[in-house]
file final.cif (mmCIF, C-alpha atoms)
data_run
#
loop_
_atom_site.group_PDB
_atom_site.id
_atom_site.type_symbol
_atom_site.label_atom_id
_atom_site.label_comp_id
_atom_site.auth_asym_id
_atom_site.auth_seq_id
_atom_site.Cartn_x
_atom_site.Cartn_y
_atom_site.Cartn_z
ATOM 1 C CA MET J 16 106.622 87.216 107.204
ATOM 2 C CA ASN J 17 106.092 90.453 109.122
ATOM 3 C CA PHE J 18 103.071 89.234 111.080
ATOM 4 C CA SER J 19 103.601 91.790 113.845
ATOM 5 C CA LYS J 20 103.762 94.659 111.330
ATOM 6 C CA ILE J 21 100.617 93.463 109.583
ATOM 7 C CA ALA J 22 98.808 93.095 112.933
ATOM 8 C CA VAL J 23 99.506 96.683 114.079
ATOM 9 C CA PRO J 24 95.895 97.842 113.393
ATOM 10 C CA LEU J 25 94.565 94.838 115.354
ATOM 11 C CA THR J 26 96.864 94.927 118.378
ATOM 12 C CA PRO J 27 95.125 97.812 120.225
ATOM 13 C CA LEU J 28 91.860 95.830 120.088
ATOM 14 C CA THR J 29 93.348 93.303 122.524
ATOM 15 C CA SER J 30 93.458 95.912 125.293
ATOM 16 C CA PRO J 31 90.428 96.360 127.555
ATOM 17 C CA LYS J 32 91.213 100.093 127.570
ATOM 18 C CA THR J 33 90.609 100.411 123.823
ATOM 19 C CA ALA J 34 87.153 100.897 122.367
ATOM 20 C CA TRP J 35 86.302 98.121 119.908
ATOM 21 C CA ARG J 36 86.247 99.574 116.384
ATOM 22 C CA TRP J 37 86.447 97.214 113.405
ATOM 23 C CA GLU J 38 86.910 99.328 110.317
ATOM 24 C CA GLU J 39 88.412 98.842 106.869
ATOM 25 C CA GLU J 40 91.988 99.078 108.189
ATOM 26 C CA GLN J 41 91.399 96.265 110.704
ATOM 27 C CA GLU J 42 89.590 94.115 108.155
ATOM 28 C CA MET J 43 92.422 94.510 105.641
ATOM 29 C CA ALA J 44 95.020 93.569 108.260
ATOM 30 C CA PHE J 45 92.950 90.559 109.331
ATOM 31 C CA GLN J 46 92.525 89.320 105.753
ATOM 32 C CA GLN J 47 96.219 89.847 105.032
ATOM 33 C CA LEU J 48 97.145 87.788 108.116
ATOM 34 C CA ILE J 49 94.845 84.979 106.998
ATOM 35 C CA ASN J 50 96.453 84.982 103.547
ATOM 36 C CA LYS J 51 99.973 84.981 105.002
ATOM 37 C CA ILE J 52 99.172 82.081 107.320
ATOM 38 C CA CYS J 53 97.804 80.061 104.401
ATOM 39 C CA GLU J 54 100.937 80.608 102.314
ATOM 40 C CA ALA J 55 103.444 80.113 105.135
ATOM 41 C CA PRO J 56 106.406 77.914 104.204
ATOM 42 C CA VAL J 57 106.521 74.336 105.396
ATOM 43 C CA LEU J 58 108.744 73.819 108.411
ATOM 44 C CA ILE J 59 111.353 71.056 108.507
ATOM 45 C CA GLN J 60 112.405 68.884 111.419
ATOM 46 C CA PRO J 61 115.815 69.944 112.748
ATOM 47 C CA ASP J 62 118.698 67.543 112.143
ATOM 48 C CA VAL J 63 120.531 68.053 115.437
ATOM 49 C CA GLU J 64 123.188 65.430 114.759
ATOM 50 C CA ALA J 65 124.114 67.035 111.424
ATOM 51 C CA ALA J 66 124.221 70.453 113.097
ATOM 52 C CA LEU J 67 126.530 69.171 115.830
ATOM 53 C CA ASN J 68 128.989 67.669 113.351
ATOM 54 C CA GLY J 69 128.879 70.776 111.140
ATOM 55 C CA ASP J 70 127.212 69.211 108.085
ATOM 56 C CA LYS J 71 123.973 71.201 108.407
ATOM 57 C CA PRO J 72 124.473 74.265 110.610
ATOM 58 C CA PHE J 73 121.643 76.055 112.357
ATOM 59 C CA LEU J 74 121.163 79.707 111.377
ATOM 60 C CA ILE J 75 119.284 82.413 113.254
ATOM 61 C CA TYR J 76 118.022 85.516 111.481
ATOM 62 C CA THR J 77 116.515 88.390 113.442
ATOM 63 C CA ASP J 78 114.931 91.703 112.601
ATOM 64 C CA ALA J 79 113.409 94.575 114.516
ATOM 65 C CA SER J 80 111.254 97.583 113.795
ATOM 66 C CA LYS J 81 109.353 100.091 115.904
ATOM 67 C CA GLN J 82 106.328 97.739 115.820
ATOM 68 C CA GLY J 83 107.867 94.365 116.628
ATOM 69 C CA ILE J 84 110.729 91.905 116.587
ATOM 70 C CA GLY J 85 111.064 88.611 114.798
ATOM 71 C CA ALA J 86 113.358 85.680 114.237
ATOM 72 C CA VAL J 87 113.742 82.630 112.029
ATOM 73 C CA LEU J 88 115.625 79.475 112.960
ATOM 74 C CA ALA J 89 116.765 77.743 109.780
ATOM 75 C CA GLN J 90 119.026 74.904 108.759
ATOM 76 C CA GLU J 91 121.050 74.347 105.616
ATOM 77 C CA ASP J 92 120.875 71.159 103.627
ATOM 78 C CA LYS J 93 123.958 69.571 102.081
ATOM 79 C CA ASP J 94 123.650 71.862 99.040
ATOM 80 C CA GLY J 95 123.535 74.998 101.175
ATOM 81 C CA LYS J 96 119.814 75.677 100.658
ATOM 82 C CA GLN J 97 118.154 76.992 103.818
ATOM 83 C CA TYR J 98 114.863 75.746 105.244
ATOM 84 C CA PRO J 99 112.902 77.232 108.161
ATOM 85 C CA ILE J 100 112.566 75.236 111.366
ATOM 86 C CA ALA J 101 110.732 77.822 113.485
ATOM 87 C CA PHE J 102 109.482 81.396 113.391
ATOM 88 C CA SER J 103 109.082 83.786 116.280
ATOM 89 C CA SER J 104 107.625 87.279 116.449
ATOM 90 C CA LYS J 105 106.481 89.667 119.134
ATOM 91 C CA SER J 106 104.768 93.034 119.161
ATOM 92 C CA LEU J 107 106.544 95.634 121.244
ATOM 93 C CA SER J 108 105.222 97.062 124.489
ATOM 94 C CA PRO J 109 104.780 100.849 124.683
ATOM 95 C CA ALA J 110 108.075 101.104 126.604
ATOM 96 C CA GLU J 111 109.933 98.936 124.065
ATOM 97 C CA LYS J 112 108.647 101.110 121.213
ATOM 98 C CA ARG J 113 110.778 103.926 122.648
ATOM 99 C CA TYR J 114 114.007 101.868 122.433
ATOM 100 C CA HIS J 115 116.705 102.907 119.970
ATOM 101 C CA ILE J 116 116.725 100.647 116.892
ATOM 102 C CA THR J 117 120.114 99.210 117.917
ATOM 103 C CA ASP J 118 118.600 98.146 121.238
ATOM 104 C CA LEU J 119 115.611 96.657 119.420
ATOM 105 C CA GLU J 120 117.933 94.585 117.225
ATOM 106 C CA ALA J 121 119.688 93.346 120.379
ATOM 107 C CA LEU J 122 116.285 92.582 121.941
ATOM 108 C CA ALA J 123 115.388 90.524 118.854
ATOM 109 C CA MET J 124 118.627 88.542 119.158
ATOM 110 C CA MET J 125 118.143 87.913 122.877
ATOM 111 C CA SER J 126 114.526 86.866 122.343
ATOM 112 C CA ALA J 127 115.543 84.438 119.576
ATOM 113 C CA LEU J 128 118.280 82.873 121.679
ATOM 114 C CA ARG J 129 115.948 82.428 124.659
ATOM 115 C CA ARG J 130 113.412 80.506 122.598
#

call {"tool": "encode", "arguments": {"input": "final.cif", "output": "structure tokens"}}
result
Amino acid sequence: MNFSKIAVPLTPLTSPKTAWRWEEEQEMAFQQLINKICEAPVLIQPDVEAALNGDKPFLIYTDASKQGIGAVLAQEDKDGKQYPIAFSSKSLSPAEKRYHITDLEALAMMSALRR
């Protein structure tokens, strides 16, 4: 749901080195995050047994940008429709923001697999 992208104007405010300035950009990001949280899809319980026997496989989707990385763990039902089990996202550190996009995609995959 791109939470880390939406939170970009808010992230610097978490640093003690940043002067606290709450302006229209921060307010808009905050309100957008609230709206996204309220409309978030319902998570399902994983069916591990069905995943192990191949009836309902687990799927991992990842994405990366210069602001953050994210992942979704999903599972298919018997009809092939996918439902989310868990979401993960992370804002990038200043050093990570300098990574090549290919490295960021790999970082997203590694982060998803570790969780």

call {"tool": "resolve_selection", "arguments": {"input": "final.cif", "expression": "the PyMOL selection byres ((chain J and resi 44-47) around 12)", "output": "ChimeraX atom specification"}}
result
/J:16-26,37-43,48-54

call {"tool": "atom_distance", "arguments": {"input": "final.cif", "atom1": "CA of Leu107 in chain J", "atom2": "CA of Ala89 in chain J"}}
result
23.6 Å

call {"tool": "residues_around", "arguments": {"input": "final.cif", "residues": "Ser103 in chain J", "least_positions_apart": "4", "cutoff": "7 Å", "atoms": "only C-alpha atoms", "output": "PDB file with C-alpha atoms, in the frame of the given file"}}
result
ATOM      1  CA  GLY J  85     111.064  88.611 114.798  1.00  0.00           C
ATOM      2  CA  ALA J  86     113.358  85.680 114.237  1.00  0.00           C
ATOM      3  CA  VAL J  87     113.742  82.630 112.029  1.00  0.00           C
TER       4      VAL J  87
END

call {"tool": "atom_distance", "arguments": {"input": "final.cif", "atom1": "CA of Tyr98 in chain J", "atom2": "CA of Ala66 in chain J"}}
result
13.3 Å

call {"tool": "closest_residue", "arguments": {"input": "final.cif", "among": "J:Ser108, J:Arg130, J:Ala123, J:Thr29", "to": "Thr77 in chain J", "atoms": "all atoms listed in the file"}}
result
J:Ala123

call {"tool": "resolve_selection", "arguments": {"input": "final.cif", "expression": "the PyMOL selection byres ((chain J and resi 71) around 10)", "output": "PyMOL selection string"}}
result
chain J and resi 61-70+72-74+89-97

call {"tool": "closest_residue", "arguments": {"input": "final.cif", "among": "J:Lys32, J:Lys112, J:Lys105, J:Lys81", "to": "Ala127 in chain J", "atoms": "all atoms listed in the file"}}
result
J:Lys105

call {"tool": "closest_residue", "arguments": {"input": "final.cif", "among": "J:Leu58, J:Asp78, J:Arg36, J:Leu88", "to": "Leu128 in chain J", "atoms": "all atoms listed in the file"}}
result
J:Leu88

call {"tool": "atom_distance", "arguments": {"input": "final.cif", "atom1": "CA of Leu119 in chain J", "atom2": "CA of Gly83 in chain J"}}
result
8.5 Å

call {"tool": "closest_residue", "arguments": {"input": "final.cif", "among": "J:Tyr114, J:Pro27, J:Trp35, J:Ile75", "to": "Ser126 in chain J", "atoms": "all atoms listed in the file"}}
result
J:Ile75

call {"tool": "decode", "arguments": {"input": "final.cif", "residues": "range 27-69 of chain J", "atoms": "N, CA and C atoms", "output": "mmCIF file, in the first residue's frame"}}
result
data_model
loop_
_atom_site.group_PDB
_atom_site.id
_atom_site.type_symbol
_atom_site.label_atom_id
_atom_site.label_comp_id
_atom_site.auth_asym_id
_atom_site.auth_seq_id
_atom_site.Cartn_x
_atom_site.Cartn_y
_atom_site.Cartn_z
ATOM 1 N N PRO J 27 11.685 12.241 8.380
ATOM 2 C CA PRO J 27 12.735 13.075 8.991
ATOM 3 C C PRO J 27 12.367 13.583 10.391
ATOM 4 N N LEU J 28 11.076 13.673 10.691
ATOM 5 C CA LEU J 28 10.648 14.168 12.000
ATOM 6 C C LEU J 28 10.973 13.193 13.126
ATOM 7 N N THR J 29 11.332 11.969 12.790
ATOM 8 C CA THR J 29 11.684 10.979 13.816
ATOM 9 C C THR J 29 13.137 11.104 14.261
ATOM 10 N N SER J 30 13.902 11.952 13.600
ATOM 11 C CA SER J 30 15.308 12.134 13.947
ATOM 12 C C SER J 30 15.467 13.305 14.921
ATOM 13 N N PRO J 31 16.258 13.123 15.970
ATOM 14 C CA PRO J 31 16.491 14.237 16.893
ATOM 15 C C PRO J 31 17.287 15.373 16.252
ATOM 16 N N LYS J 32 17.903 15.113 15.113
ATOM 17 C CA LYS J 32 18.699 16.132 14.426
ATOM 18 C C LYS J 32 17.845 17.042 13.542
ATOM 19 N N THR J 33 16.580 16.691 13.365
ATOM 20 C CA THR J 33 15.699 17.447 12.484
ATOM 21 C C THR J 33 14.803 18.362 13.306
ATOM 22 N N ALA J 34 14.712 19.613 12.880
ATOM 23 C CA ALA J 34 13.806 20.546 13.543
ATOM 24 C C ALA J 34 12.363 20.114 13.256
ATOM 25 N N TRP J 35 11.522 20.183 14.279
ATOM 26 C CA TRP J 35 10.130 19.765 14.139
ATOM 27 C C TRP J 35 9.354 20.842 13.383
ATOM 28 N N ARG J 36 8.880 20.473 12.190
ATOM 29 C CA ARG J 36 8.064 21.392 11.379
ATOM 30 C C ARG J 36 6.902 20.594 10.811
ATOM 31 N N TRP J 37 5.696 20.892 11.278
ATOM 32 C CA TRP J 37 4.491 20.213 10.802
ATOM 33 C C TRP J 37 3.757 21.188 9.896
ATOM 34 N N GLU J 38 3.884 20.941 8.602
ATOM 35 C CA GLU J 38 3.271 21.823 7.617
ATOM 36 C C GLU J 38 2.236 21.039 6.820
ATOM 37 N N GLU J 39 1.738 21.653 5.768
ATOM 38 C CA GLU J 39 0.685 21.019 4.963
ATOM 39 C C GLU J 39 1.131 19.676 4.381
ATOM 40 N N GLU J 40 2.382 19.585 3.946
ATOM 41 C CA GLU J 40 2.885 18.335 3.367
ATOM 42 C C GLU J 40 2.848 17.193 4.391
ATOM 43 N N GLN J 41 3.248 17.478 5.630
ATOM 44 C CA GLN J 41 3.241 16.457 6.674
ATOM 45 C C GLN J 41 1.805 16.081 7.048
ATOM 46 N N GLU J 42 0.953 17.072 7.143
ATOM 47 C CA GLU J 42 -0.448 16.805 7.483
ATOM 48 C C GLU J 42 -1.120 15.942 6.415
ATOM 49 N N MET J 43 -0.855 16.243 5.150
ATOM 50 C CA MET J 43 -1.443 15.449 4.066
ATOM 51 C C MET J 43 -0.945 14.006 4.118
ATOM 52 N N ALA J 44 0.340 13.822 4.357
ATOM 53 C CA ALA J 44 0.894 12.469 4.451
ATOM 54 C C ALA J 44 0.277 11.725 5.634
ATOM 55 N N PHE J 45 0.150 12.401 6.762
ATOM 56 C CA PHE J 45 -0.429 11.796 7.956
ATOM 57 C C PHE J 45 -1.873 11.363 7.702
ATOM 58 N N GLN J 46 -2.668 12.248 7.116
ATOM 59 C CA GLN J 46 -4.067 11.921 6.828
ATOM 60 C C GLN J 46 -4.179 10.779 5.818
ATOM 61 N N GLN J 47 -3.298 10.778 4.828
ATOM 62 C CA GLN J 47 -3.312 9.706 3.833
ATOM 63 C C GLN J 47 -2.964 8.361 4.486
ATOM 64 N N LEU J 48 -2.007 8.355 5.398
ATOM 65 C CA LEU J 48 -1.670 7.122 6.121
ATOM 66 C C LEU J 48 -2.854 6.627 6.946
ATOM 67 N N ILE J 49 -3.528 7.525 7.622
ATOM 68 C CA ILE J 49 -4.703 7.138 8.407
ATOM 69 C C ILE J 49 -5.749 6.500 7.501
ATOM 70 N N ASN J 50 -6.012 7.125 6.357
ATOM 71 C CA ASN J 50 -7.004 6.581 5.424
ATOM 72 C C ASN J 50 -6.594 5.209 4.910
ATOM 73 N N LYS J 51 -5.326 5.043 4.578
ATOM 74 C CA LYS J 51 -4.838 3.757 4.068
ATOM 75 C C LYS J 51 -4.957 2.664 5.128
ATOM 76 N N ILE J 52 -4.643 2.998 6.359
ATOM 77 C CA ILE J 52 -4.744 2.011 7.439
ATOM 78 C C ILE J 52 -6.197 1.575 7.622
ATOM 79 N N CYS J 53 -7.116 2.513 7.510
ATOM 80 C CA CYS J 53 -8.537 2.189 7.692
ATOM 81 C C CYS J 53 -9.098 1.340 6.556
ATOM 82 N N GLU J 54 -8.517 1.412 5.385
ATOM 83 C CA GLU J 54 -9.023 0.638 4.252
ATOM 84 C C GLU J 54 -8.163 -0.583 3.945
ATOM 85 N N ALA J 55 -7.221 -0.892 4.816
ATOM 86 C CA ALA J 55 -6.315 -2.015 4.572
ATOM 87 C C ALA J 55 -7.102 -3.314 4.434
ATOM 88 N N PRO J 56 -6.663 -4.199 3.546
ATOM 89 C CA PRO J 56 -7.377 -5.463 3.364
ATOM 90 C C PRO J 56 -7.266 -6.357 4.598
ATOM 91 N N VAL J 57 -8.262 -7.188 4.764
ATOM 92 C CA VAL J 57 -8.282 -8.126 5.879
ATOM 93 C C VAL J 57 -7.278 -9.242 5.611
ATOM 94 N N LEU J 58 -6.501 -9.558 6.626
ATOM 95 C CA LEU J 58 -5.511 -10.623 6.500
ATOM 96 C C LEU J 58 -6.160 -11.970 6.791
ATOM 97 N N ILE J 59 -5.657 -13.019 6.135
ATOM 98 C CA ILE J 59 -6.150 -14.368 6.399
ATOM 99 C C ILE J 59 -5.126 -15.137 7.225
ATOM 100 N N GLN J 60 -5.574 -16.183 7.868
ATOM 101 C CA GLN J 60 -4.670 -17.089 8.571
ATOM 102 C C GLN J 60 -4.018 -18.003 7.539
ATOM 103 N N PRO J 61 -2.720 -18.213 7.613
ATOM 104 C CA PRO J 61 -2.074 -19.108 6.644
ATOM 105 C C PRO J 61 -2.517 -20.554 6.852
ATOM 106 N N ASP J 62 -2.696 -21.258 5.753
ATOM 107 C CA ASP J 62 -3.005 -22.689 5.780
ATOM 108 C C ASP J 62 -1.711 -23.422 5.436
ATOM 109 N N VAL J 63 -0.907 -23.688 6.454
ATOM 110 C CA VAL J 63 0.420 -24.272 6.256
ATOM 111 C C VAL J 63 0.323 -25.664 5.650
ATOM 112 N N GLU J 64 -0.612 -26.460 6.124
ATOM 113 C CA GLU J 64 -0.750 -27.823 5.609
ATOM 114 C C GLU J 64 -1.058 -27.813 4.112
ATOM 115 N N ALA J 65 -1.967 -26.934 3.688
ATOM 116 C CA ALA J 65 -2.305 -26.844 2.264
ATOM 117 C C ALA J 65 -1.129 -26.317 1.446
ATOM 118 N N ALA J 66 -0.318 -25.457 2.045
ATOM 119 C CA ALA J 66 0.869 -24.958 1.339
ATOM 120 C C ALA J 66 1.887 -26.077 1.168
ATOM 121 N N LEU J 67 2.057 -26.884 2.214
ATOM 122 C CA LEU J 67 3.036 -27.973 2.150
ATOM 123 C C LEU J 67 2.660 -29.039 1.125
ATOM 124 N N ASN J 68 1.352 -29.304 0.983
ATOM 125 C CA ASN J 68 0.960 -30.319 -0.004
ATOM 126 C C ASN J 68 0.696 -29.731 -1.390
ATOM 127 N N GLY J 69 0.895 -28.420 -1.546
ATOM 128 C CA GLY J 69 0.802 -27.790 -2.857
ATOM 129 C C GLY J 69 -0.580 -27.322 -3.262
#
